[in-house]
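The structure appears right after this line, and notes come after that.
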Amino acid sequence: MREKKSWFGFGAEANVFVWGKPVLDSAKQILKLTDITLDVDSESAFGLLGAAARAAIPYMKDALEQSAVIDLKPFAESARKSIEAAIVDFQKQDEGVRAEATVTGLRLAEIAYDSKTLRVIAEAEGTVKVAVSKLPGQ
């Protein structure tokens, strides 16, 4: 994030780096950032403005921990639609196989992450009926 603010006619530019640990609240289907760490990189990091920036970091950290929340329900709905589309594609693949499937619910159950990737693991509920009328090679 790049921010430029002015206090008492003085201006300064700073880069604020934010790190946090993503935690899934599966009951509420939200992703929160916890263990937030902030670092301010500023050309004006010394003197009065630098002291003010360092003093503000704990308040910024608290504000971020309260508001760094992502509602995952729209993502779950999008995943449910993608699963249903994949089922429709499967039904069109072979004339000898007919599949009927319904996704009645999808819940984001777990997360896994490394330094570059966040993976969200979902659990789907529903029904599948498959009828095979012709085996391959017949």
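In the structure tokens, chains take letters A, B, ... by order of appearance, with residues numbered from 1 within each chain and ligands from 1 in the order shown.
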
Quiz prompt | Surrounding residues of region 105-110 of chain A excluding itself and chain neighbours under 6 positions, 7 Å, only C-alpha atoms, as number ranges by chain | solution = A: 24, 26, 29, 76, 80, 120-126

Those selected residues, please, written with N, CA and C atoms and delivered as a PDB file, in the first residue's frame.
```
ATOM      1  N   LEU A  24      -9.306 -19.663   8.922  1.00  0.00           N
ATOM      2  CA  LEU A  24     -10.670 -19.881   8.452  1.00  0.00           C
ATOM      3  C   LEU A  24     -11.610 -20.071   9.636  1.00  0.00           C
ATOM      4  N   SER A  26     -14.822 -21.616   9.846  1.00  0.00           N
ATOM      5  CA  SER A  26     -15.693 -22.401   8.972  1.00  0.00           C
ATOM      6  C   SER A  26     -17.169 -22.258   9.341  1.00  0.00           C
ATOM      7  N   GLN A  29     -17.953 -18.963   7.708  1.00  0.00           N
ATOM      8  CA  GLN A  29     -17.467 -18.934   6.326  1.00  0.00           C
ATOM      9  C   GLN A  29     -16.764 -17.610   6.013  1.00  0.00           C
ATOM     10  N   ALA A  76     -17.773 -19.560  -2.186  1.00  0.00           N
ATOM     11  CA  ALA A  76     -18.377 -20.888  -2.061  1.00  0.00           C
ATOM     12  C   ALA A  76     -19.489 -21.063  -3.084  1.00  0.00           C
ATOM     13  N   ARG A  80     -19.635 -23.790  -6.076  1.00  0.00           N
ATOM     14  CA  ARG A  80     -20.776 -24.691  -6.257  1.00  0.00           C
ATOM     15  C   ARG A  80     -21.244 -24.663  -7.721  1.00  0.00           C
ATOM     16  N   VAL A 120      -7.978 -23.284  -0.423  1.00  0.00           N
ATOM     17  CA  VAL A 120      -9.194 -23.419   0.364  1.00  0.00           C
ATOM     18  C   VAL A 120      -9.805 -24.771   0.024  1.00  0.00           C
ATOM     19  N   ILE A 121      -9.989 -25.610   1.044  1.00  0.00           N
ATOM     20  CA  ILE A 121     -10.535 -26.951   0.854  1.00  0.00           C
ATOM     21  C   ILE A 121     -12.028 -26.891   1.165  1.00  0.00           C
ATOM     22  N   ALA A 122     -12.842 -27.416   0.230  1.00  0.00           N
ATOM     23  CA  ALA A 122     -14.294 -27.358   0.369  1.00  0.00           C
ATOM     24  C   ALA A 122     -14.874 -28.752   0.520  1.00  0.00           C
ATOM     25  N   GLU A 123     -16.000 -28.819   1.212  1.00  0.00           N
ATOM     26  CA  GLU A 123     -16.767 -30.058   1.343  1.00  0.00           C
ATOM     27  C   GLU A 123     -18.110 -29.838   0.655  1.00  0.00           C
ATOM     28  N   ALA A 124     -18.444 -30.728  -0.271  1.00  0.00           N
ATOM     29  CA  ALA A 124     -19.707 -30.603  -1.005  1.00  0.00           C
ATOM     30  C   ALA A 124     -20.675 -31.677  -0.538  1.00  0.00           C
ATOM     31  N   GLU A 125     -21.956 -31.322  -0.515  1.00  0.00           N
ATOM     32  CA  GLU A 125     -23.019 -32.261  -0.195  1.00  0.00           C
ATOM     33  C   GLU A 125     -23.964 -32.319  -1.391  1.00  0.00           C
ATOM     34  N   GLY A 126     -24.516 -33.480  -1.620  1.00  0.00           N
ATOM     35  CA  GLY A 126     -25.456 -33.593  -2.725  1.00  0.00           C
ATOM     36  C   GLY A 126     -25.739 -35.036  -3.068  1.00  0.00           C
TER      37      GLY A 126
END
```

Quiz prompt | Contacts of Ile70 (chain A) at 9 Å (only C-alpha atoms; same-chain gap of 2+ positions) as JSON, numbers by chain | solution = {"A": [29, 30, 31, 32, 33, 67, 68, 72]}

Quiz item: Hey, which of A:Ala27, A:Ala85, A:Leu118, A:Val130 ends up closest to Glu100 (chain A)? Count only C-alpha atoms.
Solution: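 Counting only C-alpha atoms, the residue closest to Glu100 (chain A) is A:Val130.
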
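What separates CA of Gln66 (chain A) from CA of Ala112 (chain A) is a distance of 22.0 Å.
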
Quiz item: CA of Ile83 (chain A) and CA of Ser133 (chain A), how far apart in Å?
Solution: 24.1 Å

Quiz prompt | Top pick for closest residue to Ala101 (chain A), considering A:Asp39, A:Ala86, A:Thr34, A:Asp114 and counting only C-alpha atoms | solution =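 For Ala101 (chain A), the nearest of the candidates is A:Ala86.
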
Exercise. Assign secondary structure with DSSP using the backbone only, and return the residues of region 10-125 of chain A in alpha helix (DSSP H) as a PyMOL selection string.
Key: chain A and resi 47-67+73-93

Quiz item: If you measure from CA of Gly96 (chain A) to CA of Val132 (chain A), what distance in Å do you get, rounded to one decimal?
Solution: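 Computing it gives 5.7 Å between the two atoms.
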